[in-house]
>>> print(open('work-v9.txt').read())   # compact mmCIF, C-alpha atoms
# COMPACT_ATOMS: atom_id res chain seq x y z
CA MET S 1 0.00 0.00 0.00
CA THR S 2 1.49 3.37 -1.00
CA PRO S 3 1.31 6.34 1.41
CA GLU S 4 -1.31 7.86 -0.91
CA GLU S 5 -3.51 4.75 -0.82
CA SER S 6 -3.08 4.57 2.93
CA SER S 7 -3.98 8.24 3.34
CA ARG S 8 -7.15 7.82 1.25
CA LEU S 9 -8.47 5.13 3.62
CA LEU S 10 -8.68 7.71 6.41
CA ALA S 11 -11.55 10.08 7.15
CA LEU S 12 -9.14 12.75 8.37
CA ALA S 13 -8.29 15.23 5.60
CA PRO S 14 -4.78 14.82 4.13
CA ALA S 15 -3.72 18.31 5.25
CA ALA S 16 -4.63 17.40 8.82
CA GLN S 17 -2.75 14.08 8.54
CA ASP S 18 0.31 16.04 7.46
CA LEU S 19 -0.06 18.71 10.15
CA LEU S 20 -0.37 16.24 13.03
CA PHE S 21 1.72 13.27 11.91
CA ARG S 22 3.30 13.04 8.47
CA GLU S 23 5.06 16.41 8.35
CA ALA S 24 5.15 17.28 12.04
CA ARG S 25 8.56 16.91 13.62
CA THR S 26 10.03 17.01 17.09
CA ALA S 27 11.62 20.45 17.29
CA THR S 28 15.10 21.11 18.64
CA ALA S 29 15.27 24.80 17.65
CA PHE S 30 12.55 27.43 17.42
CA ALA S 31 11.73 30.72 15.73
CA PRO S 32 11.88 33.70 18.13
CA GLU S 33 8.13 34.07 18.48
CA ALA S 34 6.23 33.90 21.76
CA VAL S 35 3.65 31.22 22.54
CA ARG S 36 0.69 32.94 24.16
CA ASP S 37 -1.40 31.62 27.03
CA ASP S 38 -4.53 31.70 24.84
CA GLN S 39 -2.80 29.31 22.43
CA VAL S 40 -2.07 26.91 25.30
CA ARG S 41 -5.65 27.27 26.39
CA ALA S 42 -6.90 26.42 22.90
CA ILE S 43 -4.65 23.35 22.88
CA TYR S 44 -5.94 22.23 26.26
CA ASP S 45 -9.56 22.90 25.35
CA LEU S 46 -9.12 20.58 22.37
CA VAL S 47 -7.20 17.69 23.90
CA LYS S 48 -9.05 17.61 27.21
CA PHE S 49 -11.75 15.60 25.41
CA ALA S 50 -9.47 12.63 24.68
CA PRO S 51 -10.06 9.58 26.86
CA THR S 52 -8.38 8.49 30.09
CA SER S 53 -9.22 5.51 32.33
CA MET S 54 -12.32 6.35 34.34
CA ASN S 55 -11.94 9.89 33.04
CA GLN S 56 -9.13 10.44 35.56
CA GLN S 57 -7.39 13.29 33.71
CA PRO S 58 -4.37 13.30 36.03
CA MET S 59 -2.09 15.48 33.89
CA ARG S 60 -1.17 18.88 35.26
CA ILE S 61 0.70 21.57 33.32
CA VAL S 62 3.12 24.16 34.64
CA LEU S 63 4.02 26.90 32.16
CA LEU S 64 7.42 28.34 32.98
CA ARG S 65 6.96 32.04 32.27
CA SER S 66 9.34 33.68 34.76
CA GLN S 67 13.12 33.97 34.40
CA GLN S 68 13.40 32.37 37.83
CA ALA S 69 11.35 29.31 36.84
CA ARG S 70 13.40 28.87 33.67
CA ARG S 71 16.63 29.05 35.71
CA ASP S 72 15.22 26.65 38.31
CA VAL S 73 14.41 24.02 35.71
CA LEU S 74 17.66 24.46 33.78
CA ALA S 75 19.61 23.52 36.92
CA HIS S 76 18.10 20.03 36.67
CA VAL S 77 18.14 19.47 32.90
CA ALA S 78 20.80 17.18 31.40
CA ARG S 79 23.68 19.09 29.83
CA GLY S 80 22.81 18.00 26.28
CA ASN S 81 19.28 19.38 26.58
CA ARG S 82 20.09 22.73 28.24
CA ALA S 83 20.46 24.86 25.11
CA LYS S 84 17.12 23.60 23.78
CA VAL S 85 15.34 24.32 27.06
CA ALA S 86 17.06 27.70 27.43
CA SER S 87 16.01 28.88 23.96
CA ALA S 88 12.47 27.49 23.65
CA PRO S 89 9.77 30.19 23.46
CA LEU S 90 7.75 28.25 26.05
CA VAL S 91 8.70 25.45 28.41
CA ALA S 92 5.94 23.38 30.01
CA LEU S 93 6.25 20.76 32.72
CA LEU S 94 3.73 17.96 32.24
CA ALA S 95 3.20 16.25 35.58
CA ALA S 96 1.09 13.49 37.07
CA ASP S 97 -1.21 14.51 39.90
CA LEU S 98 -0.77 11.70 42.42
CA ARG S 99 -3.88 12.93 44.22
CA PHE S 100 -6.19 12.74 41.19
CA HIS S 101 -8.59 10.62 43.26
CA GLU S 102 -9.64 13.82 45.02
CA THR S 103 -11.03 15.26 41.77
CA LEU S 104 -12.50 11.93 40.64
CA PRO S 105 -15.96 12.55 42.14
CA ARG S 106 -16.25 15.66 39.94
CA VAL S 107 -15.24 13.92 36.71
CA PHE S 108 -16.80 10.48 37.34
CA PRO S 109 -19.94 11.63 39.16
CA HIS S 110 -22.08 8.55 38.52
CA ARG S 111 -19.77 6.57 40.81
CA PRO S 112 -18.97 8.85 43.73
CA GLN S 113 -16.89 6.21 45.57
CA ALA S 114 -14.58 5.52 42.60
CA GLY S 115 -11.70 7.18 44.43
CA ASP S 116 -11.69 4.23 46.86
CA LEU S 117 -10.22 2.08 44.07
CA PHE S 118 -7.13 4.27 44.32
CA ALA S 119 -6.72 4.33 48.11
CA ASP S 120 -3.42 2.46 47.77
CA PRO S 121 -0.69 4.99 46.88
CA GLY S 122 1.17 2.49 44.67
CA VAL S 123 -1.92 1.63 42.63
CA ARG S 124 -2.78 5.32 42.43
CA ARG S 125 0.69 6.35 41.25
CA GLU S 126 0.75 3.65 38.56
CA SER S 127 -2.63 4.79 37.26
CA ALA S 128 -1.62 8.46 37.40
CA LEU S 129 1.58 7.81 35.44
CA PHE S 130 -0.16 5.71 32.78
CA ASN S 131 -2.99 8.16 32.21
CA THR S 132 -0.65 11.15 32.29
CA ALA S 133 1.41 9.45 29.57
CA LEU S 134 -1.76 9.17 27.45
CA GLN S 135 -2.44 12.86 28.05
CA VAL S 136 1.16 13.82 27.22
CA ALA S 137 0.66 12.20 23.82
CA TYR S 138 -2.67 13.99 23.28
CA PHE S 139 -1.00 17.26 24.31
CA ILE S 140 1.80 16.78 21.76
CA VAL S 141 -0.84 16.21 19.07
CA GLY S 142 -2.61 19.34 20.34
CA VAL S 143 0.55 21.47 20.11
CA ARG S 144 0.78 20.42 16.48
CA ALA S 145 -2.90 21.18 15.97
CA ALA S 146 -2.06 24.74 17.00
CA GLY S 147 0.50 24.95 14.20
CA LEU S 148 3.36 24.74 16.70
CA ALA S 149 6.07 22.17 17.29
CA ALA S 150 6.73 20.23 20.48
CA GLY S 151 10.12 19.11 21.72
CA PRO S 152 9.46 16.59 24.51
CA ILE S 153 12.42 15.91 26.79
CA ILE S 154 12.90 13.38 29.56
CA GLY S 155 16.62 13.94 30.09
CA TYR S 156 16.54 15.67 33.48
CA ASP S 157 16.89 15.02 37.18
CA ALA S 158 13.26 14.27 37.98
CA ASP S 159 13.79 14.32 41.75
CA GLY S 160 15.34 17.77 41.52
CA ILE S 161 12.47 19.15 39.42
CA ASN S 162 9.89 17.52 41.68
CA LYS S 163 11.45 19.02 44.82
CA THR S 164 11.72 22.46 43.24
CA PHE S 165 8.27 22.66 41.64
CA PHE S 166 6.18 20.09 43.55
CA GLY S 167 7.71 20.26 46.99
CA ASP S 168 4.70 18.73 48.71
CA GLY S 169 5.12 15.43 46.83
CA SER S 170 1.65 15.61 45.30
CA LYS S 171 2.89 15.63 41.69
CA GLU S 172 5.64 14.02 39.62
CA ILE S 173 7.07 15.35 36.38
CA VAL S 174 6.48 12.97 33.47
CA THR S 175 7.81 15.03 30.55
CA LEU S 176 9.18 18.50 29.91
CA VAL S 177 8.03 19.97 26.60
CA ASN S 178 9.58 22.82 24.65
CA ILE S 179 6.97 24.58 22.53
CA GLY S 180 7.26 27.10 19.75
CA ARG S 181 7.21 27.72 16.06
CA PRO S 182 9.97 25.54 14.60
CA GLY S 183 13.14 27.20 13.36
CA LYS S 184 13.97 26.69 9.70
CA GLU S 185 17.25 24.96 10.47
CA ALA S 186 15.81 22.72 13.13
CA GLU S 187 15.17 19.54 11.19
CA HIS S 188 17.30 16.45 11.06
CA PRO S 189 16.32 13.61 8.71
CA ARG S 190 13.41 11.70 10.20
CA LEU S 191 14.45 8.54 12.07
CA PRO S 192 13.22 5.19 10.69
CA ARG S 193 9.82 3.88 11.73
CA LEU S 194 9.04 0.23 12.30
CA ALA S 195 6.98 -1.27 9.49
CA TYR S 196 3.42 -2.55 9.89
CA HIS S 197 4.60 -6.17 9.72
CA ASP S 198 7.16 -5.52 12.50
CA VAL S 199 4.46 -4.31 14.85
CA VAL S 200 1.18 -6.04 13.98
CA THR S 201 0.40 -9.74 14.28
CA ILE S 202 -2.89 -11.55 13.69
CA ALA S 203 -4.21 -14.09 16.20
CA MET V 1 -12.86 32.13 25.70
CA THR V 2 -15.76 30.44 23.89
CA PRO V 3 -15.24 27.07 22.17
CA GLU V 4 -15.48 28.91 18.83
CA GLU V 5 -12.76 31.41 19.77
CA SER V 6 -10.62 28.56 21.07
CA SER V 7 -11.13 26.56 17.88
CA ARG V 8 -10.13 29.54 15.69
CA LEU V 9 -6.74 29.79 17.44
CA LEU V 10 -5.80 26.36 16.07
CA ALA V 11 -4.27 25.57 12.68
CA LEU V 12 -6.14 22.26 12.52
CA ALA V 13 -9.40 22.59 10.56
CA PRO V 14 -12.57 22.61 12.71
CA ALA V 15 -13.88 19.42 11.07
CA ALA V 16 -10.67 17.63 12.02
CA GLN V 17 -10.89 18.99 15.60
CA ASP V 18 -14.38 17.54 15.80
CA LEU V 19 -13.44 14.20 14.26
CA LEU V 20 -10.49 13.58 16.57
CA PHE V 21 -11.50 15.28 19.81
CA ARG V 22 -14.66 17.36 20.15
CA GLU V 23 -17.21 14.90 18.75
CA ALA V 24 -15.26 11.64 19.05
CA ARG V 25 -16.44 9.40 21.84
CA THR V 26 -15.31 6.23 23.53
CA ALA V 27 -17.56 3.57 22.03
CA THR V 28 -19.33 0.90 24.06
CA ALA V 29 -21.45 -0.49 21.19
CA PHE V 30 -20.73 -0.77 17.49
CA ALA V 31 -22.47 -1.03 14.13
CA PRO V 32 -22.16 -4.55 12.61
CA GLU V 33 -19.55 -3.61 10.06
CA ALA V 34 -16.11 -5.22 9.77
CA VAL V 35 -12.87 -3.34 10.33
CA ARG V 36 -10.48 -4.40 7.59
CA ASP V 37 -6.74 -4.98 7.92
CA ASP V 38 -6.04 -2.26 5.37
CA GLN V 39 -7.83 0.23 7.65
CA VAL V 40 -5.62 -0.82 10.56
CA ARG V 41 -2.62 -0.49 8.31
CA ALA V 42 -3.66 3.02 7.30
CA ILE V 43 -4.05 3.92 10.99
CA TYR V 44 -0.62 2.52 11.82
CA ASP V 45 1.02 4.19 8.83
CA LEU V 46 -0.29 7.53 10.11
CA VAL V 47 0.45 7.30 13.82
CA LYS V 48 3.84 5.58 13.50
CA PHE V 49 5.28 9.06 12.86
CA ALA V 50 4.38 10.39 16.32
CA PRO V 51 7.30 10.72 18.73
CA THR V 52 8.60 8.31 21.37
CA SER V 53 11.69 8.63 23.59
CA MET V 54 14.76 7.84 21.49
CA ASN V 55 12.36 6.68 18.78
CA GLN V 56 11.82 3.46 20.76
CA GLN V 57 8.39 2.58 19.30
CA PRO V 58 7.81 -0.28 21.76
CA MET V 59 4.08 -0.77 21.07
CA ARG V 60 3.05 -4.04 19.45
CA ILE V 61 -0.46 -4.80 18.18
CA VAL V 62 -2.24 -8.15 18.11
CA LEU V 63 -5.45 -8.17 16.05
CA LEU V 64 -7.79 -10.88 17.34
CA ARG V 65 -9.30 -12.25 14.13
CA SER V 66 -9.98 -15.89 15.02
CA GLN V 67 -12.88 -17.22 17.09
CA GLN V 68 -10.31 -18.95 19.28
CA ALA V 69 -8.39 -15.74 20.02
CA ARG V 70 -11.62 -13.92 20.86
CA ARG V 71 -12.60 -16.74 23.26
CA ASP V 72 -9.11 -16.79 24.76
CA VAL V 73 -9.20 -13.10 25.58
CA LEU V 74 -12.80 -13.14 26.83
CA ALA V 75 -11.79 -15.66 29.50
CA HIS V 76 -9.62 -12.95 31.08
CA VAL V 77 -11.81 -9.87 30.61
CA ALA V 78 -13.68 -8.48 33.61
CA ARG V 79 -17.36 -9.47 33.63
CA GLY V 80 -18.61 -5.92 33.04
CA ASN V 81 -16.53 -5.58 29.87
CA ARG V 82 -17.28 -8.98 28.30
CA ALA V 83 -20.30 -8.01 26.20
CA LYS V 84 -18.40 -5.06 24.73
CA VAL V 85 -15.39 -7.21 23.86
CA ALA V 86 -17.59 -10.03 22.50
CA SER V 87 -19.51 -7.73 20.16
CA ALA V 88 -16.79 -5.39 18.89
CA PRO V 89 -16.05 -5.73 15.15
CA LEU V 90 -12.34 -5.82 15.94
CA VAL V 91 -10.44 -6.35 19.18
CA ALA V 92 -6.80 -5.33 19.35
CA LEU V 93 -4.31 -5.99 22.12
CA LEU V 94 -1.84 -3.12 22.50
CA ALA V 95 1.25 -4.44 24.23
CA ALA V 96 4.67 -3.20 25.31
CA ASP V 97 7.63 -5.02 23.78
CA LEU V 98 9.97 -5.47 26.74
CA ARG V 99 12.77 -6.32 24.30
CA PHE V 100 12.50 -3.10 22.27
CA HIS V 101 16.24 -2.53 22.82
CA GLU V 102 16.86 -5.22 20.21
CA THR V 103 15.20 -3.11 17.48
CA LEU V 104 16.74 0.15 18.77
CA PRO V 105 19.83 -0.03 16.48
CA ARG V 106 17.45 -0.03 13.48
CA VAL V 107 15.41 2.96 14.62
CA PHE V 108 18.16 4.98 16.35
CA PRO V 109 21.00 4.18 13.94
CA HIS V 110 23.21 7.18 14.71
CA ARG V 111 23.82 5.74 18.20
CA PRO V 112 24.25 1.99 17.72
CA GLN V 113 24.98 1.33 21.41
CA ALA V 114 21.81 3.05 22.67
CA GLY V 115 20.37 -0.31 23.68
CA ASP V 116 23.00 -0.46 26.45
CA LEU V 117 21.05 2.24 28.29
CA PHE V 118 18.28 -0.33 28.69
CA ALA V 119 20.36 -3.31 29.79
CA ASP V 120 18.62 -3.26 33.18
CA PRO V 121 15.25 -5.04 32.81
CA GLY V 122 13.52 -2.71 35.30
CA VAL V 123 14.67 0.44 33.52
CA ARG V 124 13.74 -1.14 30.20
CA ARG V 125 10.27 -2.15 31.34
CA GLU V 126 9.53 1.32 32.71
CA SER V 127 10.58 2.91 29.43
CA ALA V 128 8.61 0.37 27.39
CA LEU V 129 5.44 0.99 29.41
CA PHE V 130 5.74 4.79 29.24
CA ASN V 131 6.38 4.90 25.51
CA THR V 132 3.73 2.29 24.79
CA ALA V 133 1.24 4.48 26.67
CA LEU V 134 2.18 7.39 24.40
CA GLN V 135 1.64 5.14 21.38
CA VAL V 136 -1.69 3.87 22.74
CA ALA V 137 -2.89 7.47 22.80
CA TYR V 138 -1.63 8.13 19.27
CA PHE V 139 -3.35 4.90 18.14
CA ILE V 140 -6.68 6.01 19.64
CA VAL V 141 -6.35 9.31 17.75
CA GLY V 142 -5.54 7.27 14.63
CA VAL V 143 -8.62 5.08 14.99
CA ARG V 144 -10.68 8.26 15.05
CA ALA V 145 -8.76 9.59 12.05
CA ALA V 146 -10.03 6.52 10.19
CA GLY V 147 -13.62 7.51 10.98
CA LEU V 148 -13.92 4.71 13.52
CA ALA V 149 -14.43 4.70 17.27
CA ALA V 150 -12.13 3.17 19.89
CA GLY V 151 -13.24 1.60 23.15
CA PRO V 152 -10.09 1.21 25.26
CA ILE V 153 -10.42 -1.22 28.17
CA ILE V 154 -8.04 -2.02 31.01
CA GLY V 155 -10.47 -4.14 33.05
CA TYR V 156 -8.92 -7.58 32.54
CA ASP V 157 -6.57 -10.09 34.13
CA ALA V 158 -3.32 -8.89 32.59
CA ASP V 159 -1.34 -11.91 33.80
CA GLY V 160 -3.83 -14.25 32.15
CA ILE V 161 -3.72 -12.38 28.85
CA ASN V 162 0.08 -12.17 28.96
CA LYS V 163 0.42 -15.90 29.59
CA THR V 164 -2.04 -16.75 26.82
CA PHE V 165 -0.79 -14.40 24.14
CA PHE V 166 2.80 -13.60 25.17
CA GLY V 167 3.87 -16.82 26.84
CA ASP V 168 7.57 -16.11 26.51
CA GLY V 169 7.35 -13.03 28.75
CA SER V 170 8.66 -10.69 26.06
CA LYS V 171 5.55 -8.51 25.97
CA GLU V 172 2.97 -7.09 28.38
CA ILE V 173 -0.52 -5.98 27.53
CA VAL V 174 -1.08 -2.27 28.21
CA THR V 175 -4.59 -1.77 26.82
CA LEU V 176 -7.23 -3.76 24.97
CA VAL V 177 -9.08 -1.70 22.37
CA ASN V 178 -12.43 -2.43 20.77
CA ILE V 179 -12.65 -0.87 17.32
CA GLY V 180 -15.55 -0.33 14.98
CA ARG V 181 -18.06 2.07 13.59
CA PRO V 182 -20.03 3.35 16.60
CA GLY V 183 -23.60 2.14 17.07
CA LYS V 184 -26.30 4.80 17.09
CA GLU V 185 -27.38 3.98 20.61
CA ALA V 186 -23.86 3.80 22.00
CA GLU V 187 -23.48 7.24 23.48
CA HIS V 188 -23.84 8.29 27.06
CA PRO V 189 -23.58 11.96 27.99
CA ARG V 190 -19.95 13.03 27.93
CA LEU V 191 -18.30 13.04 31.35
CA PRO V 192 -17.06 16.38 32.73
CA ARG V 193 -13.62 17.62 31.81
CA LEU V 194 -11.35 19.54 34.16
CA ALA V 195 -11.16 23.22 33.30
CA TYR V 196 -8.01 24.99 32.11
CA HIS V 197 -7.56 26.69 35.47
CA ASP V 198 -7.79 23.31 37.26
CA VAL V 199 -4.94 21.92 35.23
CA VAL V 200 -2.60 24.75 34.25
CA THR V 201 -0.49 26.91 36.56
CA ILE V 202 2.07 29.59 35.70
CA ALA V 203 5.49 29.63 37.34
>>> encode(input="work-v9.txt", output="structure tokens")
Amino acid sequence: MTPEESSRLLALAPAAQDLLFREARTATAFAPEAVRDDQVRAIYDLVKFAPTSMNQQPMRIVLLRSQQARRDVLAHVARGNRAKVASAPLVALLAADLRFHETLPRVFPHRPQAGDLFADPGVRRESALFNTALQVAYFIVGVRAAGLAAGPIIGYDADGINKTFFGDGSKEIVTLVNIGRPGKEAEHPRLPRLAYHDVVTIA
Amino acid sequence: MTPEESSRLLALAPAAQDLLFREARTATAFAPEAVRDDQVRAIYDLVKFAPTSMNQQPMRIVLLRSQQARRDVLAHVARGNRAKVASAPLVALLAADLRFHETLPRVFPHRPQAGDLFADPGVRRESALFNTALQVAYFIVGVRAAGLAAGPIIGYDADGINKTFFGDGSKEIVTLVNIGRPGKEAEHPRLPRLAYHDVVTIA
């Protein structure tokens, strides 16, 4: 099946396929153009509808707008990622709320005791991390939907970031994301993808 | 900001926003219409481009096409989910390949020794589960891009499914997904979403 044949089997318009997946790239350098809060809000107001287990929605977002916050995070970012984080128009911390069970009655109202399933902190953390990972992926798609590029990074000292930004232990960073309009010189050749037959089996 | 104002701030066309997020719903019942392998291939060939850490791509997909495979999985699905799994046009197991480091030299060729970072099975499993969760989310978006609905389910005996389908211990199920064209009567009212100010803080 050619890419064109494959594309025609989808209901999503080809331009949208390109914007979100085929032409979108992880950005390592950005144009010097601010990312506004209303753009982040538009991204969130789109991707908030995507599904999580029991509608948990554990992802929390910290937008690093102050010089101090940018310095604080840079102190914990791996050397090889520092220039990217220092120069990104916007840096967001995507974190798991380990106390998502407290908001569960609001978002899963037909089962008010659902939070009891997550009384055990280990079970709760595992669920928070899994569902935050889903939401991180939706958020990356949303950044692209806004015509921006995302540069997700996990090369950092998580404990250091958690202590600095979530000192009460209620949240854990899952991914840091640089966001902005991609710079013209930012693109490396795309890395190889696994083929359908490498990934899919029939039982 | 109204939904219309929010939508206009995005580069993604409004119809695509609706298809993937605003009008898409988790399906619990389906129209009696097959999902073909070429549709799954078109979904995969779209979402394979979305990013994972170090391009790991650990997600593996098992399409349950035989009566035997459907029976095998039903034996391990929680009672409340059985009717949904029994009646879905297609059931897919989305699993984490715990040996993704073996394919890493193919997909991260500029750093042939990258697999050494994942020599420790615990570190490797954590990375496989996180990146598979990202890919599960991309896959759900892809199912919607194909004009279909996804019904992700995690209510099952994972050990039982792993033993039955991945007996050598090389993979772990992360999510089961029912896939099909949604049935007309399938929709419940959408559950509440957290608001922007619940989720986003500025530092």
>>> closest_atom_pairs(input="work-v9.txt", of="stretch 64-136 of chain S", to="stretch 128-132 of chain V", cutoff="12 Å", atoms="all atoms listed in the file", output="JSON lines")
{"residue": "S:Glu126", "atom": "CA", "partner": "V:Leu129", "partner_atom": "CA", "distance": 10.6}
{"residue": "S:Ser127", "atom": "CA", "partner": "V:Phe130", "partner_atom": "CA", "distance": 11.6}
{"residue": "S:Ala128", "atom": "CA", "partner": "V:Phe130", "partner_atom": "CA", "distance": 11.6}
{"residue": "S:Leu129", "atom": "CA", "partner": "V:Phe130", "partner_atom": "CA", "distance": 8.1}
{"residue": "S:Phe130", "atom": "CA", "partner": "V:Phe130", "partner_atom": "CA", "distance": 6.9}
{"residue": "S:Asn131", "atom": "CA", "partner": "V:Phe130", "partner_atom": "CA", "distance": 9.8}
{"residue": "S:Thr132", "atom": "CA", "partner": "V:Phe130", "partner_atom": "CA", "distance": 9.5}
{"residue": "S:Ala133", "atom": "CA", "partner": "V:Phe130", "partner_atom": "CA", "distance": 6.4}
{"residue": "S:Leu134", "atom": "CA", "partner": "V:Phe130", "partner_atom": "CA", "distance": 8.9}
{"residue": "S:Gln135", "atom": "CA", "partner": "V:Phe130", "partner_atom": "CA", "distance": 11.6}
{"residue": "S:Val136", "atom": "CA", "partner": "V:Phe130", "partner_atom": "CA", "distance": 10.3}
>>> write_last_selection(input="work-v9.txt", atoms="C-alpha atoms", output="PDB file, in the coordinates of the input")
ATOM      1  CA  GLU S 126       0.750   3.650  38.560  1.00  0.00           C
ATOM      2  CA  SER S 127      -2.630   4.790  37.260  1.00  0.00           C
ATOM      3  CA  ALA S 128      -1.620   8.460  37.400  1.00  0.00           C
ATOM      4  CA  LEU S 129       1.580   7.810  35.440  1.00  0.00           C
ATOM      5  CA  PHE S 130      -0.160   5.710  32.780  1.00  0.00           C
ATOM      6  CA  ASN S 131      -2.990   8.160  32.210  1.00  0.00           C
ATOM      7  CA  THR S 132      -0.650  11.150  32.290  1.00  0.00           C
ATOM      8  CA  ALA S 133       1.410   9.450  29.570  1.00  0.00           C
ATOM      9  CA  LEU S 134      -1.760   9.170  27.450  1.00  0.00           C
ATOM     10  CA  GLN S 135      -2.440  12.860  28.050  1.00  0.00           C
ATOM     11  CA  VAL S 136       1.160  13.820  27.220  1.00  0.00           C
TER      12      VAL S 136
END
>>> residues_around(input="work-v9.txt", residues="stretch 183-199 of chain S", least_positions_apart="6", cutoff="9 Å", atoms="all atoms listed in the file", output="number ranges by chain")
S: 25-32; V: 41, 44-45, 48-49, 55, 57-62, 103, 106-109
>>> write_last_selection(input="work-v9.txt", atoms="C-alpha atoms", output="tab-separated table (two decimals), in the frame of the given file")
chain	number	residue	atom	x	y	z
S	25	ARG	CA	8.56	16.91	13.62
S	26	THR	CA	10.03	17.01	17.09
S	27	ALA	CA	11.62	20.45	17.29
S	28	THR	CA	15.10	21.11	18.64
S	29	ALA	CA	15.27	24.80	17.65
S	30	PHE	CA	12.55	27.43	17.42
S	31	ALA	CA	11.73	30.72	15.73
S	32	PRO	CA	11.88	33.70	18.13
V	41	ARG	CA	-2.62	-0.49	8.31
V	44	TYR	CA	-0.62	2.52	11.82
V	45	ASP	CA	1.02	4.19	8.83
V	48	LYS	CA	3.84	5.58	13.50
V	49	PHE	CA	5.28	9.06	12.86
V	55	ASN	CA	12.36	6.68	18.78
V	57	GLN	CA	8.39	2.58	19.30
V	58	PRO	CA	7.81	-0.28	21.76
V	59	MET	CA	4.08	-0.77	21.07
V	60	ARG	CA	3.05	-4.04	19.45
V	61	ILE	CA	-0.46	-4.80	18.18
V	62	VAL	CA	-2.24	-8.15	18.11
V	103	THR	CA	15.20	-3.11	17.48
V	106	ARG	CA	17.45	-0.03	13.48
V	107	VAL	CA	15.41	2.96	14.62
V	108	PHE	CA	18.16	4.98	16.35
V	109	PRO	CA	21.00	4.18	13.94
>>> atom_distance(input="work-v9.txt", atom1="atom CA of V:Val85", atom2="atom CA of V:Ala149")
13.6 Å
>>> residues_around(input="work-v9.txt", residues="stretch 6-15 of chain S", least_positions_apart="2", cutoff="10 Å", atoms="only C-alpha atoms", output="PyMOL selection string")
(chain S and resi 1-4+17-23) or (chain V and resi 12-13+15-17+19-20+38-46+142-148)
>>> closest_residue(input="work-v9.txt", among="V:Leu98, V:Met54, V:Asp72, V:Thr175", to="V:Ala137", atoms="all atoms listed in the file")
V:Thr175
>>> decode(input="work-v9.txt", residues="stretch 79-89 of chain V", atoms="N, CA, C and O atoms", output="JSON list (two decimals), in the first residue's frame")
[["chain", "number", "residue", "atom", "x", "y", "z"],
["V", 79, "ARG", "N", -15.98, -9.17, 34.00],
["V", 79, "ARG", "CA", -17.36, -9.47, 33.63],
["V", 79, "ARG", "C", -18.06, -8.28, 32.96],
["V", 79, "ARG", "O", -18.69, -8.42, 31.92],
["V", 80, "GLY", "N", -17.91, -7.10, 33.54],
["V", 80, "GLY", "CA", -18.61, -5.92, 33.04],
["V", 80, "GLY", "C", -18.17, -5.48, 31.66],
["V", 80, "GLY", "O", -18.86, -4.69, 31.00],
["V", 81, "ASN", "N", -17.03, -5.97, 31.20],
["V", 81, "ASN", "CA", -16.53, -5.58, 29.87],
["V", 81, "ASN", "C", -16.75, -6.65, 28.81],
["V", 81, "ASN", "O", -16.45, -6.42, 27.64],
["V", 82, "ARG", "N", -17.25, -7.84, 29.22],
["V", 82, "ARG", "CA", -17.28, -8.98, 28.30],
["V", 82, "ARG", "C", -18.18, -8.76, 27.09],
["V", 82, "ARG", "O", -17.79, -9.07, 25.96],
["V", 83, "ALA", "N", -19.37, -8.19, 27.32],
["V", 83, "ALA", "CA", -20.30, -8.01, 26.20],
["V", 83, "ALA", "C", -19.70, -7.06, 25.17],
["V", 83, "ALA", "O", -19.81, -7.28, 23.96],
["V", 84, "LYS", "N", -19.03, -6.01, 25.65],
["V", 84, "LYS", "CA", -18.40, -5.06, 24.73],
["V", 84, "LYS", "C", -17.32, -5.73, 23.90],
["V", 84, "LYS", "O", -17.22, -5.54, 22.69],
["V", 85, "VAL", "N", -16.49, -6.55, 24.57],
["V", 85, "VAL", "CA", -15.39, -7.21, 23.86],
["V", 85, "VAL", "C", -15.94, -8.29, 22.91],
["V", 85, "VAL", "O", -15.42, -8.50, 21.82],
["V", 86, "ALA", "N", -17.02, -8.96, 23.34],
["V", 86, "ALA", "CA", -17.59, -10.03, 22.50],
["V", 86, "ALA", "C", -18.21, -9.47, 21.23],
["V", 86, "ALA", "O", -18.19, -10.11, 20.18],
["V", 87, "SER", "N", -18.73, -8.25, 21.29],
["V", 87, "SER", "CA", -19.51, -7.73, 20.16],
["V", 87, "SER", "C", -18.73, -6.75, 19.29],
["V", 87, "SER", "O", -19.22, -6.33, 18.24],
["V", 88, "ALA", "N", -17.54, -6.38, 19.68],
["V", 88, "ALA", "CA", -16.79, -5.39, 18.89],
["V", 88, "ALA", "C", -16.39, -6.00, 17.55],
["V", 88, "ALA", "O", -15.98, -7.16, 17.48],
["V", 89, "PRO", "N", -16.48, -5.23, 16.46],
["V", 89, "PRO", "CA", -16.05, -5.73, 15.15],
["V", 89, "PRO", "C", -14.59, -6.17, 15.14],
["V", 89, "PRO", "O", -14.23, -7.14, 14.50]]
